[in-house]
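Here's target_20.txt, which has compact mmCIF, N, CA and C atoms:
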# COMPACT_ATOMS: atom_id res chain seq x y z
N MET A 1 -2.15 4.22 36.42
CA MET A 1 -2.11 2.99 35.67
C MET A 1 -1.61 3.27 34.27
N ALA A 2 -0.63 2.52 33.83
CA ALA A 2 -0.03 2.73 32.52
C ALA A 2 -0.98 2.28 31.41
N MET A 3 -1.00 3.05 30.34
CA MET A 3 -1.84 2.69 29.20
C MET A 3 -1.16 1.56 28.43
N GLN A 4 -1.98 0.66 27.92
CA GLN A 4 -1.44 -0.43 27.11
C GLN A 4 -1.00 0.11 25.76
N GLN A 5 0.15 -0.32 25.31
CA GLN A 5 0.70 0.09 24.01
C GLN A 5 -0.10 -0.58 22.89
N PRO A 6 -0.28 0.11 21.77
CA PRO A 6 -0.97 -0.52 20.64
C PRO A 6 -0.15 -1.67 20.07
N PHE A 7 -0.83 -2.63 19.47
CA PHE A 7 -0.17 -3.86 19.01
C PHE A 7 0.98 -3.61 18.04
N TRP A 8 0.89 -2.58 17.21
CA TRP A 8 1.96 -2.35 16.23
C TRP A 8 3.26 -1.86 16.89
N ARG A 9 3.17 -1.44 18.13
CA ARG A 9 4.37 -1.02 18.85
C ARG A 9 4.97 -2.17 19.67
N THR A 10 4.20 -3.21 19.91
CA THR A 10 4.66 -4.29 20.78
C THR A 10 4.88 -5.62 20.06
N LYS A 11 4.36 -5.74 18.86
CA LYS A 11 4.48 -6.99 18.12
C LYS A 11 5.26 -6.79 16.82
N THR A 12 5.93 -7.84 16.41
CA THR A 12 6.51 -7.82 15.07
C THR A 12 5.40 -8.16 14.09
N LEU A 13 5.65 -7.94 12.82
CA LEU A 13 4.65 -8.29 11.82
C LEU A 13 4.32 -9.78 11.88
N ALA A 14 5.30 -10.61 12.13
CA ALA A 14 5.09 -12.06 12.20
C ALA A 14 4.24 -12.48 13.40
N GLN A 15 4.23 -11.68 14.46
CA GLN A 15 3.47 -12.00 15.66
C GLN A 15 2.01 -11.55 15.59
N MET A 16 1.67 -10.76 14.60
CA MET A 16 0.31 -10.21 14.51
C MET A 16 -0.71 -11.25 14.06
N SER A 17 -1.91 -11.10 14.59
CA SER A 17 -3.02 -11.93 14.12
C SER A 17 -3.43 -11.46 12.72
N ARG A 18 -4.20 -12.25 12.06
CA ARG A 18 -4.67 -11.86 10.72
C ARG A 18 -5.45 -10.54 10.79
N ARG A 19 -6.28 -10.38 11.81
CA ARG A 19 -7.07 -9.16 11.97
C ARG A 19 -6.16 -7.95 12.18
N GLU A 20 -5.14 -8.10 13.02
CA GLU A 20 -4.20 -7.01 13.26
C GLU A 20 -3.45 -6.68 11.97
N TRP A 21 -2.96 -7.72 11.28
CA TRP A 21 -2.24 -7.53 10.03
C TRP A 21 -3.08 -6.74 9.04
N GLU A 22 -4.30 -7.18 8.82
CA GLU A 22 -5.18 -6.52 7.86
C GLU A 22 -5.49 -5.08 8.27
N SER A 23 -5.60 -4.81 9.56
CA SER A 23 -5.93 -3.46 10.03
C SER A 23 -4.78 -2.48 9.82
N LEU A 24 -3.57 -2.99 9.59
CA LEU A 24 -2.44 -2.10 9.33
C LEU A 24 -2.59 -1.36 8.00
N CYS A 25 -3.29 -1.95 7.05
CA CYS A 25 -3.47 -1.27 5.77
C CYS A 25 -4.22 0.04 6.00
N ASP A 26 -3.61 1.14 5.57
CA ASP A 26 -4.22 2.45 5.80
C ASP A 26 -5.20 2.85 4.71
N GLY A 27 -5.28 2.07 3.63
CA GLY A 27 -6.21 2.38 2.55
C GLY A 27 -5.73 3.47 1.62
N CYS A 28 -4.42 3.67 1.53
CA CYS A 28 -3.90 4.73 0.66
C CYS A 28 -4.02 4.38 -0.82
N GLY A 29 -3.97 3.09 -1.14
CA GLY A 29 -4.07 2.65 -2.53
C GLY A 29 -2.76 2.69 -3.29
N LYS A 30 -1.70 3.17 -2.69
CA LYS A 30 -0.42 3.32 -3.41
C LYS A 30 0.17 1.98 -3.84
N CYS A 31 -0.10 0.94 -3.08
CA CYS A 31 0.46 -0.37 -3.47
C CYS A 31 -0.26 -0.92 -4.70
N CYS A 32 -1.42 -0.37 -5.04
CA CYS A 32 -2.17 -0.83 -6.21
C CYS A 32 -1.83 -0.06 -7.48
N LEU A 33 -0.88 0.87 -7.37
CA LEU A 33 -0.36 1.52 -8.57
C LEU A 33 0.56 0.52 -9.26
N GLN A 34 0.53 0.49 -10.55
CA GLN A 34 1.43 -0.40 -11.28
C GLN A 34 2.85 0.15 -11.16
N LYS A 35 3.79 -0.75 -11.02
CA LYS A 35 5.18 -0.37 -10.87
C LYS A 35 6.03 -1.03 -11.93
N LEU A 36 7.12 -0.38 -12.26
CA LEU A 36 8.08 -0.91 -13.21
C LEU A 36 9.42 -0.97 -12.51
N GLN A 37 10.17 -2.03 -12.77
CA GLN A 37 11.49 -2.18 -12.16
C GLN A 37 12.56 -2.17 -13.23
N ASP A 38 13.55 -1.33 -13.03
CA ASP A 38 14.69 -1.26 -13.95
C ASP A 38 15.49 -2.55 -13.80
N GLU A 39 15.66 -3.25 -14.90
CA GLU A 39 16.36 -4.54 -14.86
C GLU A 39 17.83 -4.39 -14.47
N ASP A 40 18.44 -3.27 -14.79
CA ASP A 40 19.86 -3.07 -14.49
C ASP A 40 20.09 -2.62 -13.04
N SER A 41 19.35 -1.58 -12.62
CA SER A 41 19.59 -1.01 -11.30
C SER A 41 18.74 -1.65 -10.20
N GLY A 42 17.62 -2.27 -10.59
CA GLY A 42 16.70 -2.83 -9.60
C GLY A 42 15.75 -1.79 -9.03
N GLU A 43 15.94 -0.53 -9.41
CA GLU A 43 15.08 0.54 -8.90
C GLU A 43 13.64 0.33 -9.36
N VAL A 44 12.69 0.63 -8.46
CA VAL A 44 11.27 0.47 -8.75
C VAL A 44 10.64 1.85 -8.94
N TYR A 45 9.86 1.97 -10.01
CA TYR A 45 9.19 3.23 -10.33
C TYR A 45 7.68 3.01 -10.31
N ALA A 46 6.98 3.89 -9.62
CA ALA A 46 5.52 3.85 -9.61
C ALA A 46 4.98 4.60 -10.82
N THR A 47 3.80 4.23 -11.22
CA THR A 47 3.15 4.90 -12.35
C THR A 47 1.80 5.46 -11.89
N ARG A 48 1.18 6.23 -12.76
CA ARG A 48 -0.18 6.73 -12.52
C ARG A 48 -1.23 5.70 -12.94
N LEU A 49 -0.76 4.53 -13.30
CA LEU A 49 -1.66 3.44 -13.69
C LEU A 49 -2.06 2.67 -12.44
N VAL A 50 -3.34 2.50 -12.27
CA VAL A 50 -3.85 1.82 -11.08
C VAL A 50 -4.61 0.57 -11.51
N CYS A 51 -4.56 -0.43 -10.68
CA CYS A 51 -5.30 -1.67 -10.95
C CYS A 51 -6.75 -1.34 -11.26
N HIS A 52 -7.27 -1.95 -12.29
CA HIS A 52 -8.63 -1.65 -12.72
C HIS A 52 -9.70 -2.13 -11.73
N TYR A 53 -9.31 -2.83 -10.69
CA TYR A 53 -10.25 -3.25 -9.64
C TYR A 53 -10.28 -2.27 -8.47
N MET A 54 -9.50 -1.20 -8.54
CA MET A 54 -9.47 -0.20 -7.48
C MET A 54 -10.77 0.60 -7.48
N THR A 55 -11.33 0.83 -6.30
CA THR A 55 -12.54 1.63 -6.17
C THR A 55 -12.17 3.08 -5.87
N SER A 56 -13.13 3.96 -5.93
CA SER A 56 -12.87 5.39 -5.70
C SER A 56 -12.43 5.68 -4.27
N ASP A 57 -12.71 4.76 -3.34
CA ASP A 57 -12.26 4.96 -1.95
C ASP A 57 -10.97 4.19 -1.65
N CYS A 58 -10.22 3.88 -2.72
CA CYS A 58 -8.89 3.25 -2.60
C CYS A 58 -8.94 1.84 -2.01
N ARG A 59 -9.95 1.12 -2.32
CA ARG A 59 -10.05 -0.27 -1.87
C ARG A 59 -10.16 -1.18 -3.09
N CYS A 60 -9.85 -2.44 -2.89
CA CYS A 60 -9.93 -3.42 -3.97
C CYS A 60 -11.35 -3.97 -4.03
N SER A 61 -11.94 -3.93 -5.20
CA SER A 61 -13.32 -4.42 -5.35
C SER A 61 -13.39 -5.95 -5.41
N VAL A 62 -12.24 -6.61 -5.55
CA VAL A 62 -12.20 -8.08 -5.60
C VAL A 62 -11.16 -8.62 -4.62
N TYR A 63 -11.07 -8.00 -3.45
CA TYR A 63 -9.99 -8.29 -2.50
C TYR A 63 -9.79 -9.78 -2.24
N GLU A 64 -10.85 -10.50 -1.94
CA GLU A 64 -10.72 -11.91 -1.57
C GLU A 64 -10.26 -12.79 -2.73
N THR A 65 -10.51 -12.38 -3.96
CA THR A 65 -10.14 -13.20 -5.13
C THR A 65 -9.12 -12.49 -6.01
N ARG A 66 -8.47 -11.48 -5.49
CA ARG A 66 -7.57 -10.65 -6.30
C ARG A 66 -6.42 -11.44 -6.92
N GLN A 67 -5.88 -12.40 -6.21
CA GLN A 67 -4.74 -13.15 -6.75
C GLN A 67 -5.15 -14.03 -7.92
N LYS A 68 -6.38 -14.46 -7.90
CA LYS A 68 -6.88 -15.28 -9.01
C LYS A 68 -7.16 -14.41 -10.23
N LEU A 69 -7.73 -13.23 -10.00
CA LEU A 69 -8.11 -12.34 -11.10
C LEU A 69 -6.94 -11.50 -11.61
N VAL A 70 -5.99 -11.20 -10.73
CA VAL A 70 -4.83 -10.39 -11.10
C VAL A 70 -3.59 -11.15 -10.62
N PRO A 71 -3.09 -12.04 -11.46
CA PRO A 71 -1.98 -12.92 -11.04
C PRO A 71 -0.73 -12.18 -10.54
N ASN A 72 -0.49 -10.96 -11.01
CA ASN A 72 0.69 -10.23 -10.55
C ASN A 72 0.41 -9.36 -9.33
N CYS A 73 -0.78 -9.46 -8.76
CA CYS A 73 -1.11 -8.71 -7.54
C CYS A 73 -0.24 -9.25 -6.41
N VAL A 74 0.39 -8.36 -5.69
CA VAL A 74 1.27 -8.76 -4.60
C VAL A 74 0.44 -8.95 -3.33
N TRP A 75 0.62 -10.10 -2.72
CA TRP A 75 -0.04 -10.40 -1.46
C TRP A 75 1.01 -10.30 -0.38
N LEU A 76 0.97 -9.25 0.41
CA LEU A 76 1.98 -9.03 1.44
C LEU A 76 1.81 -10.02 2.59
N THR A 77 2.93 -10.57 3.02
CA THR A 77 2.94 -11.46 4.18
C THR A 77 4.16 -11.09 5.04
N PRO A 78 4.14 -11.51 6.31
CA PRO A 78 5.31 -11.22 7.16
C PRO A 78 6.60 -11.82 6.61
N ASP A 79 6.49 -12.88 5.83
CA ASP A 79 7.68 -13.50 5.25
C ASP A 79 8.37 -12.61 4.22
N ASP A 80 7.64 -11.60 3.72
CA ASP A 80 8.16 -10.74 2.66
C ASP A 80 8.77 -9.44 3.18
N VAL A 81 8.92 -9.32 4.48
CA VAL A 81 9.36 -8.05 5.08
C VAL A 81 10.63 -7.51 4.43
N ASP A 82 11.56 -8.36 4.12
CA ASP A 82 12.82 -7.89 3.52
C ASP A 82 12.61 -7.31 2.13
N ASP A 83 11.49 -7.62 1.51
CA ASP A 83 11.19 -7.13 0.17
C ASP A 83 10.29 -5.89 0.18
N PHE A 84 10.02 -5.32 1.34
CA PHE A 84 9.09 -4.20 1.44
C PHE A 84 9.68 -2.87 0.97
N PHE A 85 10.91 -2.87 0.47
CA PHE A 85 11.58 -1.64 0.05
C PHE A 85 10.78 -0.89 -1.01
N TRP A 86 10.00 -1.56 -1.79
CA TRP A 86 9.25 -0.92 -2.87
C TRP A 86 7.96 -0.26 -2.39
N LEU A 87 7.54 -0.57 -1.17
CA LEU A 87 6.33 0.05 -0.64
C LEU A 87 6.59 1.52 -0.34
N PRO A 88 5.55 2.35 -0.40
CA PRO A 88 5.74 3.77 -0.09
C PRO A 88 6.30 3.95 1.32
N SER A 89 7.04 5.00 1.52
CA SER A 89 7.67 5.25 2.83
C SER A 89 6.64 5.45 3.94
N THR A 90 5.38 5.73 3.58
CA THR A 90 4.32 5.94 4.56
C THR A 90 3.54 4.66 4.86
N CYS A 91 3.83 3.58 4.18
CA CYS A 91 3.08 2.33 4.35
C CYS A 91 3.31 1.75 5.75
N ALA A 92 2.22 1.40 6.42
CA ALA A 92 2.32 0.89 7.78
C ALA A 92 3.11 -0.41 7.86
N TYR A 93 2.99 -1.27 6.85
CA TYR A 93 3.76 -2.51 6.87
C TYR A 93 5.26 -2.21 6.85
N ARG A 94 5.62 -1.28 6.01
CA ARG A 94 7.03 -0.91 5.93
C ARG A 94 7.48 -0.20 7.21
N LEU A 95 6.66 0.72 7.71
CA LEU A 95 7.01 1.45 8.93
C LEU A 95 7.25 0.50 10.10
N VAL A 96 6.32 -0.44 10.30
CA VAL A 96 6.45 -1.38 11.41
C VAL A 96 7.67 -2.28 11.19
N ALA A 97 7.87 -2.73 9.97
CA ALA A 97 9.04 -3.58 9.66
C ALA A 97 10.34 -2.84 9.97
N GLU A 98 10.34 -1.53 9.79
CA GLU A 98 11.54 -0.72 10.04
C GLU A 98 11.61 -0.20 11.48
N GLY A 99 10.65 -0.61 12.34
CA GLY A 99 10.67 -0.21 13.74
C GLY A 99 10.19 1.21 13.98
N ARG A 100 9.43 1.77 13.03
CA ARG A 100 8.93 3.14 13.17
C ARG A 100 7.45 3.12 13.53
N ASP A 101 6.94 4.25 13.98
CA ASP A 101 5.54 4.36 14.41
C ASP A 101 4.65 4.78 13.24
N LEU A 102 3.36 4.62 13.43
CA LEU A 102 2.39 5.01 12.41
C LEU A 102 2.15 6.52 12.47
N PRO A 103 1.87 7.14 11.33
CA PRO A 103 1.61 8.59 11.30
C PRO A 103 0.24 8.92 11.92
N GLU A 104 0.06 10.16 12.29
CA GLU A 104 -1.16 10.57 12.99
C GLU A 104 -2.42 10.41 12.14
N TRP A 105 -2.30 10.39 10.82
CA TRP A 105 -3.48 10.24 9.96
C TRP A 105 -3.84 8.78 9.69
N HIS A 106 -3.03 7.83 10.16
CA HIS A 106 -3.34 6.42 9.96
C HIS A 106 -4.66 6.10 10.68
N PRO A 107 -5.54 5.33 10.06
CA PRO A 107 -6.83 5.02 10.70
C PRO A 107 -6.73 4.44 12.11
N LEU A 108 -5.72 3.63 12.39
CA LEU A 108 -5.57 3.07 13.73
C LEU A 108 -5.20 4.13 14.76
N VAL A 109 -4.52 5.17 14.34
CA VAL A 109 -4.12 6.25 15.24
C VAL A 109 -5.22 7.31 15.31
N ALA A 110 -5.73 7.70 14.15
CA ALA A 110 -6.72 8.77 14.08
C ALA A 110 -8.12 8.32 14.50
N GLY A 111 -8.38 7.01 14.39
CA GLY A 111 -9.72 6.53 14.68
C GLY A 111 -10.71 6.93 13.60
N ASP A 112 -10.20 7.26 12.43
CA ASP A 112 -11.03 7.76 11.33
C ASP A 112 -10.41 7.30 10.02
N ASP A 113 -11.13 6.46 9.27
CA ASP A 113 -10.56 5.94 8.03
C ASP A 113 -10.62 6.93 6.87
N GLN A 114 -11.17 8.10 7.10
CA GLN A 114 -11.20 9.13 6.06
C GLN A 114 -10.08 10.15 6.21
N ARG A 115 -9.43 10.18 7.36
CA ARG A 115 -8.38 11.17 7.62
C ARG A 115 -7.26 11.08 6.60
N ILE A 116 -6.90 9.87 6.20
CA ILE A 116 -5.82 9.69 5.22
C ILE A 116 -6.14 10.40 3.92
N HIS A 117 -7.40 10.36 3.51
CA HIS A 117 -7.81 11.03 2.27
C HIS A 117 -7.84 12.54 2.47
N GLN A 118 -8.33 12.97 3.62
CA GLN A 118 -8.38 14.40 3.93
C GLN A 118 -7.00 15.02 4.01
N GLN A 119 -6.02 14.24 4.46
CA GLN A 119 -4.64 14.72 4.59
C GLN A 119 -3.88 14.64 3.27
N GLY A 120 -4.51 14.07 2.23
CA GLY A 120 -3.86 13.95 0.94
C GLY A 120 -2.79 12.87 0.89
N GLU A 121 -2.88 11.89 1.77
CA GLU A 121 -1.88 10.81 1.83
C GLU A 121 -2.29 9.59 1.01
N SER A 122 -3.46 9.63 0.39
CA SER A 122 -3.91 8.51 -0.44
C SER A 122 -3.92 8.94 -1.90
N ILE A 123 -4.27 8.01 -2.77
CA ILE A 123 -4.36 8.32 -4.19
C ILE A 123 -5.79 8.67 -4.60
N ALA A 124 -6.66 8.87 -3.63
CA ALA A 124 -8.09 9.10 -3.90
C ALA A 124 -8.35 10.26 -4.86
N HIS A 125 -7.53 11.27 -4.84
CA HIS A 125 -7.78 12.45 -5.67
C HIS A 125 -6.74 12.63 -6.78
N TRP A 126 -5.97 11.59 -7.04
CA TRP A 126 -4.97 11.65 -8.10
C TRP A 126 -5.63 11.44 -9.46
N ALA A 127 -4.99 11.97 -10.48
CA ALA A 127 -5.42 11.74 -11.87
C ALA A 127 -4.82 10.40 -12.29
N LEU A 128 -5.59 9.35 -12.15
CA LEU A 128 -5.12 7.99 -12.41
C LEU A 128 -5.72 7.43 -13.69
N VAL A 129 -5.09 6.41 -14.20
CA VAL A 129 -5.55 5.74 -15.41
C VAL A 129 -5.64 4.25 -15.10
N ALA A 130 -6.71 3.61 -15.49
CA ALA A 130 -6.86 2.17 -15.27
C ALA A 130 -5.80 1.42 -16.07
N ASP A 131 -5.15 0.49 -15.42
CA ASP A 131 -4.04 -0.23 -16.06
C ASP A 131 -4.46 -1.01 -17.30
N ASN A 132 -5.70 -1.46 -17.35
CA ASN A 132 -6.13 -2.24 -18.50
C ASN A 132 -6.52 -1.38 -19.70
N SER A 133 -6.35 -0.07 -19.57
CA SER A 133 -6.66 0.82 -20.69
C SER A 133 -5.41 1.29 -21.44
N VAL A 134 -4.25 0.83 -20.99
CA VAL A 134 -2.97 1.24 -21.59
C VAL A 134 -2.16 -0.01 -21.90
N PRO A 135 -1.69 -0.16 -23.13
CA PRO A 135 -0.84 -1.32 -23.44
C PRO A 135 0.42 -1.29 -22.57
N GLU A 136 0.83 -2.46 -22.09
CA GLU A 136 1.95 -2.54 -21.16
C GLU A 136 3.23 -1.92 -21.72
N GLN A 137 3.44 -1.98 -23.00
CA GLN A 137 4.66 -1.39 -23.58
C GLN A 137 4.67 0.14 -23.46
N ASP A 138 3.52 0.75 -23.14
CA ASP A 138 3.44 2.20 -22.98
C ASP A 138 3.47 2.65 -21.52
N TRP A 139 3.58 1.73 -20.59
CA TRP A 139 3.50 2.08 -19.17
C TRP A 139 4.60 3.05 -18.75
N GLU A 140 5.75 3.02 -19.36
CA GLU A 140 6.83 3.93 -18.97
C GLU A 140 6.42 5.40 -19.08
N GLU A 141 5.49 5.69 -19.97
CA GLU A 141 5.02 7.07 -20.17
C GLU A 141 4.25 7.58 -18.95
N TYR A 142 3.89 6.71 -18.03
CA TYR A 142 3.07 7.07 -16.87
C TYR A 142 3.84 7.08 -15.56
N ILE A 143 5.16 6.95 -15.63
CA ILE A 143 5.97 6.96 -14.40
C ILE A 143 5.83 8.29 -13.70
N ILE A 144 5.71 8.22 -12.37
CA ILE A 144 5.63 9.43 -11.53
C ILE A 144 6.94 9.56 -10.76
N ASP A 145 7.20 10.76 -10.25
CA ASP A 145 8.47 11.04 -9.60
C ASP A 145 8.65 10.26 -8.29
N ASN A 146 7.67 10.29 -7.44
CA ASN A 146 7.79 9.58 -6.17
C ASN A 146 6.43 9.37 -5.53
N LEU A 147 6.42 8.58 -4.51
CA LEU A 147 5.18 8.35 -3.77
C LEU A 147 5.24 9.17 -2.51

Please rewrite the model in this file as structure tokens.
Amino acid sequence: MAMQQPFWRTKTLAQMSRREWESLCDGCGKCCLQKLQDEDSGEVYATRLVCHYMTSDCRCSVYETRQKLVPNCVWLTPDDVDDFFWLPSTCAYRLVAEGRDLPEWHPLVAGDDQRIHQQGESIAHWALVADNSVPEQDWEEYIIDNL
């Protein structure tokens, strides 16, 4: 008897239920790093500045009300797939949008939501700075090379 394929291999992002969509988040925290975009080239640069609502386990402490409390917080939806270029190359939303599979440390594959941190694929052990502790005009000083 053939094994059933996992939903991320058989559905597009637009076909996923809310529960499936939410479960794709691997908890890396990289999308909560503040980013700067070059106005001329359009290139996006990540910084070591993290949203001040980020918890030590790379989760948002105000997830349900984040858009109200942090107006520039990006709320990913299937309609935004074409704009996912700025997400880290390991992000499940981006991987699925590009027709690629999830890595072995992803919680849905590993069956363990701590594996991502153990593998060093999250920002859990990075030297980060809360975004509200640095004036926005100084954010360029915190740009990192890559995600």

Find, counting only C-alpha atoms, the residue in A:Met16, A:Val62, A:Leu36, A:Val50 that gets nearest to Pro78 in chain A.
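Closest candidate: A:Met16.
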
At a cut-off of 8 Å, using all atoms listed in the file, what residues contact Asp101 in chain A? Leave out same-chain residues fewer than 2 positions from it and give the result as a ChimeraX atom specification.
/A:8-9,92,95-96,98-99,103-104

DSSP on the backbone: what in chain A comes out helix (DSSP H, G or I), as a VMD selection string?
chain A and resid 7 to 10 13 to 15 18 to 23 30 to 32 63 to 69 78 to 86 92 to 97 107 to 110 115 to 118 131 to 133 136 to 142

Around the point (-3.3, 4.2, -1.7) (coordinates from the file), which residues reach within 6.5 Å if we count only N, CA and C atoms? Answer as a PyMOL selection string.
chain A and resi 27-32+58+121-124

Which of chain A end up as strand (DSSP E or B) when DSSP is run on this backbone - answer as a PyMOL selection string?
chain A and resi 33-37+44-50+54+60+129-130+143

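Picture a line from CA of Ala130 in chain A to CA of Leu24 in chain A; it runs 25.4 Å.
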
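As for atom N of Trp139 in chain A and atom C of Cys91 in chain A, they are spaced 26.3 Å apart.
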
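Residue nearest His52 in chain A, chosen from A:Gln34, A:His106, A:Gln67, A:Arg115 and counting only C-alpha atoms: A:Gln34.
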
In Å and to one decimal, CA of Cys51 in chain A is distant from atom N of Glu136 in chain A by 12.7 Å

Taking into account only C-alpha atoms, which residue in the set A:Asn132, A:Gln4, A:Gln119, A:Gln137 is nearest to Val70 in chain A?
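That would be A:Asn132, the residue with the smallest distance to Val70 in chain A.
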
Show me, as a list in words, the residues that have an atom within 8 Å of Ala46 in chain A when counting only N, CA and C atoms, minus same-chain residues fewer than 5 positions from it.
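Listing them by chain and then by number gives Leu33, Gln34, Lys35, Leu36, Gln37, Tyr142, Ile143, Ile144, Asp145, Asn146 and Leu147 of chain A.
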
Given only C-alpha atoms as the basis, pick out the residue of A:Asp26, A:Asp83, A:Glu20, A:Pro6 nearest to Pro107 in chain A.
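The shortest atom-to-atom distance to Pro107 in chain A comes from A:Asp26.
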